[in-house]
Amino acid sequence: MDEVEVVVAHSERATLRVGDLFLKVDADQARIDVEVEALALVPVPTPQVLWRKPHVLAMAALPGTTLGRLGGPSTGTPAAWAAAGAAIRKLHEAPLPSRTGRAGRSRVELAAELDDECERLVTNAVLPADLVHRNRQVAEAALRPWTAAFTHGDLQIDHVFVEGDEVTGIIDWSEAGQGDALYDLATFTLGHEEHLDDVIAGYGTDVDLDVIRAWWSLRSLLIVRWLTEHGFDPFAPGCEVDVLRSRM
C-alpha cells in the first residue's frame, strides 16, 4: 500500500480506501450505527466490518469493480446488470428492519420538499423554469401509495461491486430501512437508462416504469443544488441535469 484513495468526500462524510481497507468517516454517528445494523441484517453480499470507533467504520475492501458511475460508461455486462437486479430483489424481499429509511419518506413530506426545492431552483436561476416544471409533473407519479420493502436508500451504481457476472458486494448502507422498492431501482439505474431492461429482467417481476422515471426526475430535482454547493457537478455530461433534460 503506497497511497490513500479518496472514494468520496464532502462536508458530511468521507470514504477512503487504504490498501484492502475501507475507512468511512461520518460526522453523524447515527448513520454509522444504521449502517452496521443493516449490514447485519441484509441477505446480500456486503463488506466485512472490521472495527468501528466513534465516527469511523472500518470494512474490508470488496473484490471486483463497480458497474460504473453516473456520468461515465458502464463497465458491466448485461448479465452483471441482471445479477444486480436479482440481488436487489433479494434485498427487497427480506424481513423488514425496524427503521424507516431514506426511501421511506412520506408522500406529504416529499411533495412539500419537492415543491420548495423547485421554487428555489427557478428563483435562483439554477435551472430553467420549463425544465423544472416539466420534471415536477413527471415526478408526481412517484408520490403514490407503496408497500414497504427493505431498501438500501442510496443504491447508486458505484455502490454495487461485481466480478464477472456476479455481485460481490453492496456498500454504503447508512440510508437503509423500510421504503419504496422502486426508489432503489430508480437510484441504481439513474443516468443508465439503457440498462433498465437488464436490471428488471434480473429483478424478476413487473415494475411500473413510469414510477421509476418519476423517481429519476424527483431525485435529480432534489439533489442538483446540494451537489453544486458541495463541490460536485450535476451539469456534467450524463449526470443529473442531463437526466432532467431527457424528460423534455
# chains A, B, ... in the order shown; residues from 1 in each chain; ligands from 1
call {"tool": "residues_around", "arguments": {"residues": "Arg17 in chain A", "least_positions_apart": "2", "cutoff": "8 Å", "atoms": "only C-alpha atoms", "output": "PDB file with C-alpha atoms, in the first residue's frame"}}
result
ATOM      1  CA  VAL A   4      -4.732   6.704   0.160  1.00  0.00           C
ATOM      2  CA  GLU A   5      -7.598   6.776  -2.333  1.00  0.00           C
ATOM      3  CA  VAL A   6     -10.408   9.230  -1.658  1.00  0.00           C
ATOM      4  CA  VAL A   7     -13.538   7.370  -2.782  1.00  0.00           C
ATOM      5  CA  THR A  15     -14.825   7.279   2.454  1.00  0.00           C
ATOM      6  CA  GLY A  19      -4.970  -0.944   0.551  1.00  0.00           C
ATOM      7  CA  ASP A  20      -7.541  -3.621   1.347  1.00  0.00           C
ATOM      8  CA  LEU A  21      -9.325  -1.431   3.877  1.00  0.00           C
ATOM      9  CA  PHE A  22     -12.217   0.997   3.539  1.00  0.00           C
ATOM     10  CA  LEU A  23     -12.431   3.725   6.189  1.00  0.00           C
ATOM     11  CA  ALA A  61     -12.468  -3.989   0.600  1.00  0.00           C
TER      12      ALA A  61
END
call {"tool": "residues_around", "arguments": {"residues": "His230 in chain A", "least_positions_apart": "4", "cutoff": "10 Å", "atoms": "only C-alpha atoms", "output": "count of residues only"}}
result
6
call {"tool": "closest_residue", "arguments": {"among": "A:Asp33, A:Glu140, A:Asp233, A:Glu194", "to": "His55 in chain A", "atoms": "only C-alpha atoms"}}
result
A:Asp33
call {"tool": "select_by_dssp", "arguments": {"residues": "range 74-202 of chain A", "states": "strand (DSSP E or B)", "output": "PyMOL selection string"}}
result
chain A and resi 100+148-151+160-163+166-170+177-180
call {"tool": "closest_residue", "arguments": {"among": "A:Val132, A:Ala84, A:Ala181, A:Val138", "to": "Phe161 in chain A", "atoms": "only C-alpha atoms"}}
result
A:Ala84
call {"tool": "residues_around", "arguments": {"residues": "range 103-111 of chain A", "least_positions_apart": "6", "cutoff": "8 Å", "atoms": "only C-alpha atoms", "output": "PyMOL selection string"}}
result
chain A and resi 143-145+148+151-153+175-181+183-184
call {"tool": "residues_around", "arguments": {"residues": "Gly169 in chain A", "least_positions_apart": "3", "cutoff": "12 Å", "atoms": "only C-alpha atoms", "output": "compact mmCIF listing (two decimals) with all heavy atoms, in the first residue's frame"}}
result
# COMPACT_ATOMS: atom_id res chain seq x y z
N LEU A 39 -26.00 -3.94 7.81
CA LEU A 39 -25.04 -4.93 7.34
C LEU A 39 -25.26 -6.28 8.01
O LEU A 39 -25.02 -7.34 7.43
CB LEU A 39 -23.60 -4.45 7.60
CG LEU A 39 -23.10 -3.32 6.71
CD1 LEU A 39 -21.80 -2.74 7.25
CD2 LEU A 39 -22.92 -3.80 5.28
N VAL A 42 -28.97 -7.69 6.14
CA VAL A 42 -29.28 -7.86 4.72
C VAL A 42 -28.82 -9.22 4.19
O VAL A 42 -27.76 -9.74 4.60
CB VAL A 42 -28.65 -6.74 3.87
CG1 VAL A 42 -29.29 -5.42 4.23
CG2 VAL A 42 -27.14 -6.68 4.03
N PRO A 43 -29.60 -9.82 3.27
CA PRO A 43 -29.28 -11.14 2.73
C PRO A 43 -28.48 -11.10 1.43
O PRO A 43 -28.58 -11.99 0.59
CB PRO A 43 -30.68 -11.73 2.50
CG PRO A 43 -31.49 -10.55 2.07
CD PRO A 43 -30.95 -9.37 2.83
N VAL A 44 -27.73 -10.03 1.23
CA VAL A 44 -26.92 -9.88 0.01
C VAL A 44 -25.46 -9.69 0.44
O VAL A 44 -25.18 -9.31 1.58
CB VAL A 44 -27.40 -8.68 -0.84
CG1 VAL A 44 -28.82 -8.91 -1.34
CG2 VAL A 44 -27.32 -7.38 -0.04
N PRO A 45 -24.50 -9.92 -0.46
CA PRO A 45 -23.09 -9.76 -0.09
C PRO A 45 -22.78 -8.32 0.31
O PRO A 45 -23.22 -7.36 -0.33
CB PRO A 45 -22.34 -10.14 -1.37
CG PRO A 45 -23.30 -10.96 -2.17
CD PRO A 45 -24.66 -10.42 -1.86
N THR A 46 -22.00 -8.17 1.37
CA THR A 46 -21.60 -6.86 1.88
C THR A 46 -20.15 -6.94 2.37
O THR A 46 -19.64 -8.04 2.61
CB THR A 46 -22.48 -6.41 3.06
OG1 THR A 46 -22.41 -7.38 4.11
CG2 THR A 46 -23.93 -6.24 2.63
N PRO A 47 -19.49 -5.81 2.54
CA PRO A 47 -18.13 -5.85 3.08
C PRO A 47 -18.13 -6.28 4.55
O PRO A 47 -19.08 -6.01 5.28
CB PRO A 47 -17.64 -4.41 2.93
CG PRO A 47 -18.87 -3.59 2.86
CD PRO A 47 -19.91 -4.44 2.19
N GLN A 48 -17.07 -6.94 4.96
CA GLN A 48 -16.93 -7.36 6.35
C GLN A 48 -16.55 -6.17 7.22
O GLN A 48 -15.64 -5.42 6.92
CB GLN A 48 -15.84 -8.44 6.47
CG GLN A 48 -15.59 -8.90 7.90
CD GLN A 48 -14.38 -9.82 7.99
OE1 GLN A 48 -13.71 -10.08 6.99
NE2 GLN A 48 -14.08 -10.30 9.19
N MET A 59 -13.97 -1.34 7.14
CA MET A 59 -14.50 -2.52 6.46
C MET A 59 -13.47 -3.06 5.48
O MET A 59 -12.65 -2.31 4.94
CB MET A 59 -15.79 -2.17 5.72
CG MET A 59 -16.94 -1.75 6.62
SD MET A 59 -18.34 -1.09 5.66
CE MET A 59 -17.67 0.50 5.15
N ALA A 60 -13.53 -4.36 5.26
CA ALA A 60 -12.65 -4.98 4.26
C ALA A 60 -13.11 -4.58 2.87
O ALA A 60 -14.30 -4.48 2.59
CB ALA A 60 -12.68 -6.50 4.42
N ALA A 61 -12.14 -4.32 1.99
CA ALA A 61 -12.47 -3.99 0.60
C ALA A 61 -13.09 -5.18 -0.10
O ALA A 61 -12.85 -6.34 0.28
CB ALA A 61 -11.21 -3.55 -0.14
N LEU A 62 -13.91 -4.91 -1.10
CA LEU A 62 -14.60 -5.96 -1.85
C LEU A 62 -13.82 -6.33 -3.10
O LEU A 62 -13.18 -5.48 -3.72
CB LEU A 62 -16.00 -5.48 -2.25
CG LEU A 62 -17.01 -5.29 -1.12
CD1 LEU A 62 -18.21 -4.50 -1.62
CD2 LEU A 62 -17.44 -6.63 -0.56
N PRO A 63 -13.90 -7.59 -3.51
CA PRO A 63 -13.30 -7.96 -4.79
C PRO A 63 -14.12 -7.42 -5.95
O PRO A 63 -15.30 -7.13 -5.81
CB PRO A 63 -13.33 -9.49 -4.76
CG PRO A 63 -14.47 -9.84 -3.85
CD PRO A 63 -14.50 -8.74 -2.81
N GLY A 64 -13.48 -7.30 -7.10
CA GLY A 64 -14.19 -6.83 -8.29
C GLY A 64 -14.18 -5.32 -8.42
O GLY A 64 -13.42 -4.61 -7.75
N THR A 65 -15.04 -4.82 -9.28
CA THR A 65 -15.15 -3.39 -9.55
C THR A 65 -16.63 -3.00 -9.56
O THR A 65 -17.51 -3.86 -9.61
CB THR A 65 -14.53 -3.04 -10.92
OG1 THR A 65 -15.21 -3.78 -11.94
CG2 THR A 65 -13.05 -3.37 -10.95
N THR A 66 -16.87 -1.71 -9.54
CA THR A 66 -18.26 -1.25 -9.62
C THR A 66 -18.76 -1.36 -11.06
O THR A 66 -17.97 -1.49 -11.99
CB THR A 66 -18.39 0.21 -9.15
OG1 THR A 66 -17.67 1.05 -10.05
CG2 THR A 66 -17.84 0.37 -7.75
N LEU A 67 -20.06 -1.31 -11.22
CA LEU A 67 -20.66 -1.41 -12.54
C LEU A 67 -20.42 -0.16 -13.39
O LEU A 67 -20.69 -0.15 -14.58
CB LEU A 67 -22.16 -1.66 -12.42
CG LEU A 67 -22.57 -3.11 -12.19
CD1 LEU A 67 -24.02 -3.19 -11.74
CD2 LEU A 67 -22.36 -3.93 -13.45
N ALA A 83 -27.69 -9.57 -12.72
CA ALA A 83 -27.33 -10.13 -11.41
C ALA A 83 -27.56 -9.10 -10.31
O ALA A 83 -28.01 -9.44 -9.21
CB ALA A 83 -25.88 -10.59 -11.43
N ALA A 84 -27.26 -7.84 -10.61
CA ALA A 84 -27.53 -6.78 -9.64
C ALA A 84 -29.04 -6.67 -9.39
O ALA A 84 -29.48 -6.49 -8.24
CB ALA A 84 -26.97 -5.45 -10.14
N ALA A 87 -30.04 -9.36 -7.02
CA ALA A 87 -29.62 -9.06 -5.65
C ALA A 87 -30.54 -8.03 -5.01
O ALA A 87 -30.90 -8.13 -3.82
CB ALA A 87 -28.17 -8.57 -5.65
N ILE A 88 -30.94 -7.04 -5.79
CA ILE A 88 -31.85 -6.01 -5.27
C ILE A 88 -33.20 -6.63 -4.91
O ILE A 88 -33.79 -6.31 -3.86
CB ILE A 88 -32.02 -4.88 -6.30
CG1 ILE A 88 -30.67 -4.17 -6.53
CG2 ILE A 88 -33.07 -3.87 -5.82
CD1 ILE A 88 -30.68 -3.23 -7.72
N LEU A 155 -28.79 3.58 -3.40
CA LEU A 155 -28.23 2.50 -4.21
C LEU A 155 -27.67 3.02 -5.54
O LEU A 155 -28.12 2.66 -6.62
CB LEU A 155 -29.28 1.42 -4.46
CG LEU A 155 -28.77 0.06 -4.95
CD1 LEU A 155 -27.80 -0.55 -3.96
CD2 LEU A 155 -29.93 -0.88 -5.20
N ASP A 158 -22.24 3.09 -8.24
CA ASP A 158 -20.89 2.82 -7.73
C ASP A 158 -20.90 2.25 -6.31
O ASP A 158 -19.85 2.15 -5.68
CB ASP A 158 -20.00 4.06 -7.82
CG ASP A 158 -20.60 5.28 -7.16
OD1 ASP A 158 -21.72 5.18 -6.62
OD2 ASP A 158 -19.96 6.34 -7.18
N HIS A 159 -22.07 1.87 -5.83
CA HIS A 159 -22.15 1.16 -4.55
C HIS A 159 -22.30 -0.35 -4.73
O HIS A 159 -22.38 -1.09 -3.76
CB HIS A 159 -23.33 1.69 -3.73
CG HIS A 159 -23.11 3.07 -3.22
ND1 HIS A 159 -24.14 3.88 -2.76
CD2 HIS A 159 -21.98 3.81 -3.09
CE1 HIS A 159 -23.65 5.05 -2.38
NE2 HIS A 159 -22.34 5.03 -2.56
N VAL A 160 -22.36 -0.80 -5.99
CA VAL A 160 -22.52 -2.23 -6.28
C VAL A 160 -21.26 -2.75 -6.98
O VAL A 160 -20.88 -2.23 -8.04
CB VAL A 160 -23.76 -2.48 -7.17
CG1 VAL A 160 -23.88 -3.97 -7.50
CG2 VAL A 160 -25.02 -1.98 -6.47
N PHE A 161 -20.62 -3.77 -6.37
CA PHE A 161 -19.40 -4.34 -6.92
C PHE A 161 -19.71 -5.68 -7.58
O PHE A 161 -20.51 -6.47 -7.05
CB PHE A 161 -18.37 -4.56 -5.81
CG PHE A 161 -17.68 -3.30 -5.36
CD1 PHE A 161 -18.35 -2.34 -4.63
CD2 PHE A 161 -16.35 -3.08 -5.67
CE1 PHE A 161 -17.72 -1.18 -4.21
CE2 PHE A 161 -15.70 -1.92 -5.27
CZ PHE A 161 -16.39 -0.96 -4.53
N VAL A 162 -19.07 -5.92 -8.72
CA VAL A 162 -19.25 -7.18 -9.43
C VAL A 162 -17.89 -7.72 -9.85
O VAL A 162 -16.92 -6.97 -10.01
CB VAL A 162 -20.16 -7.03 -10.68
CG1 VAL A 162 -21.55 -6.58 -10.30
CG2 VAL A 162 -19.54 -6.07 -11.68
N GLU A 163 -17.85 -9.03 -10.00
CA GLU A 163 -16.68 -9.69 -10.56
C GLU A 163 -17.19 -10.66 -11.61
O GLU A 163 -17.92 -11.60 -11.27
CB GLU A 163 -15.90 -10.43 -9.47
CG GLU A 163 -14.51 -10.86 -9.90
CD GLU A 163 -13.66 -11.27 -8.71
OE1 GLU A 163 -14.16 -12.06 -7.87
OE2 GLU A 163 -12.51 -10.83 -8.61
N GLU A 166 -21.11 -11.75 -11.45
CA GLU A 166 -21.62 -12.00 -10.11
C GLU A 166 -21.43 -10.76 -9.23
O GLU A 166 -20.41 -10.08 -9.32
CB GLU A 166 -20.90 -13.19 -9.47
CG GLU A 166 -21.17 -14.52 -10.16
CD GLU A 166 -20.55 -15.68 -9.41
OE1 GLU A 166 -20.00 -15.45 -8.31
OE2 GLU A 166 -20.61 -16.82 -9.91
N ASP A 172 -22.25 1.02 1.54
CA ASP A 172 -22.88 2.29 1.91
C ASP A 172 -24.35 2.14 2.28
O ASP A 172 -25.24 2.55 1.54
CB ASP A 172 -22.70 3.33 0.81
CG ASP A 172 -22.76 4.75 1.35
OD1 ASP A 172 -23.14 4.91 2.53
OD2 ASP A 172 -22.43 5.70 0.62
N TRP A 173 -24.60 1.61 3.47
CA TRP A 173 -25.95 1.30 3.93
C TRP A 173 -26.48 2.30 4.96
O TRP A 173 -27.43 2.00 5.69
CB TRP A 173 -25.96 -0.11 4.54
CG TRP A 173 -25.70 -1.18 3.52
CD1 TRP A 173 -24.49 -1.63 3.09
CD2 TRP A 173 -26.69 -1.94 2.80
NE1 TRP A 173 -24.65 -2.62 2.15
CE2 TRP A 173 -25.99 -2.83 1.95
CE3 TRP A 173 -28.08 -1.95 2.81
CZ2 TRP A 173 -26.65 -3.72 1.10
CZ3 TRP A 173 -28.73 -2.83 1.97
CH2 TRP A 173 -28.02 -3.70 1.13
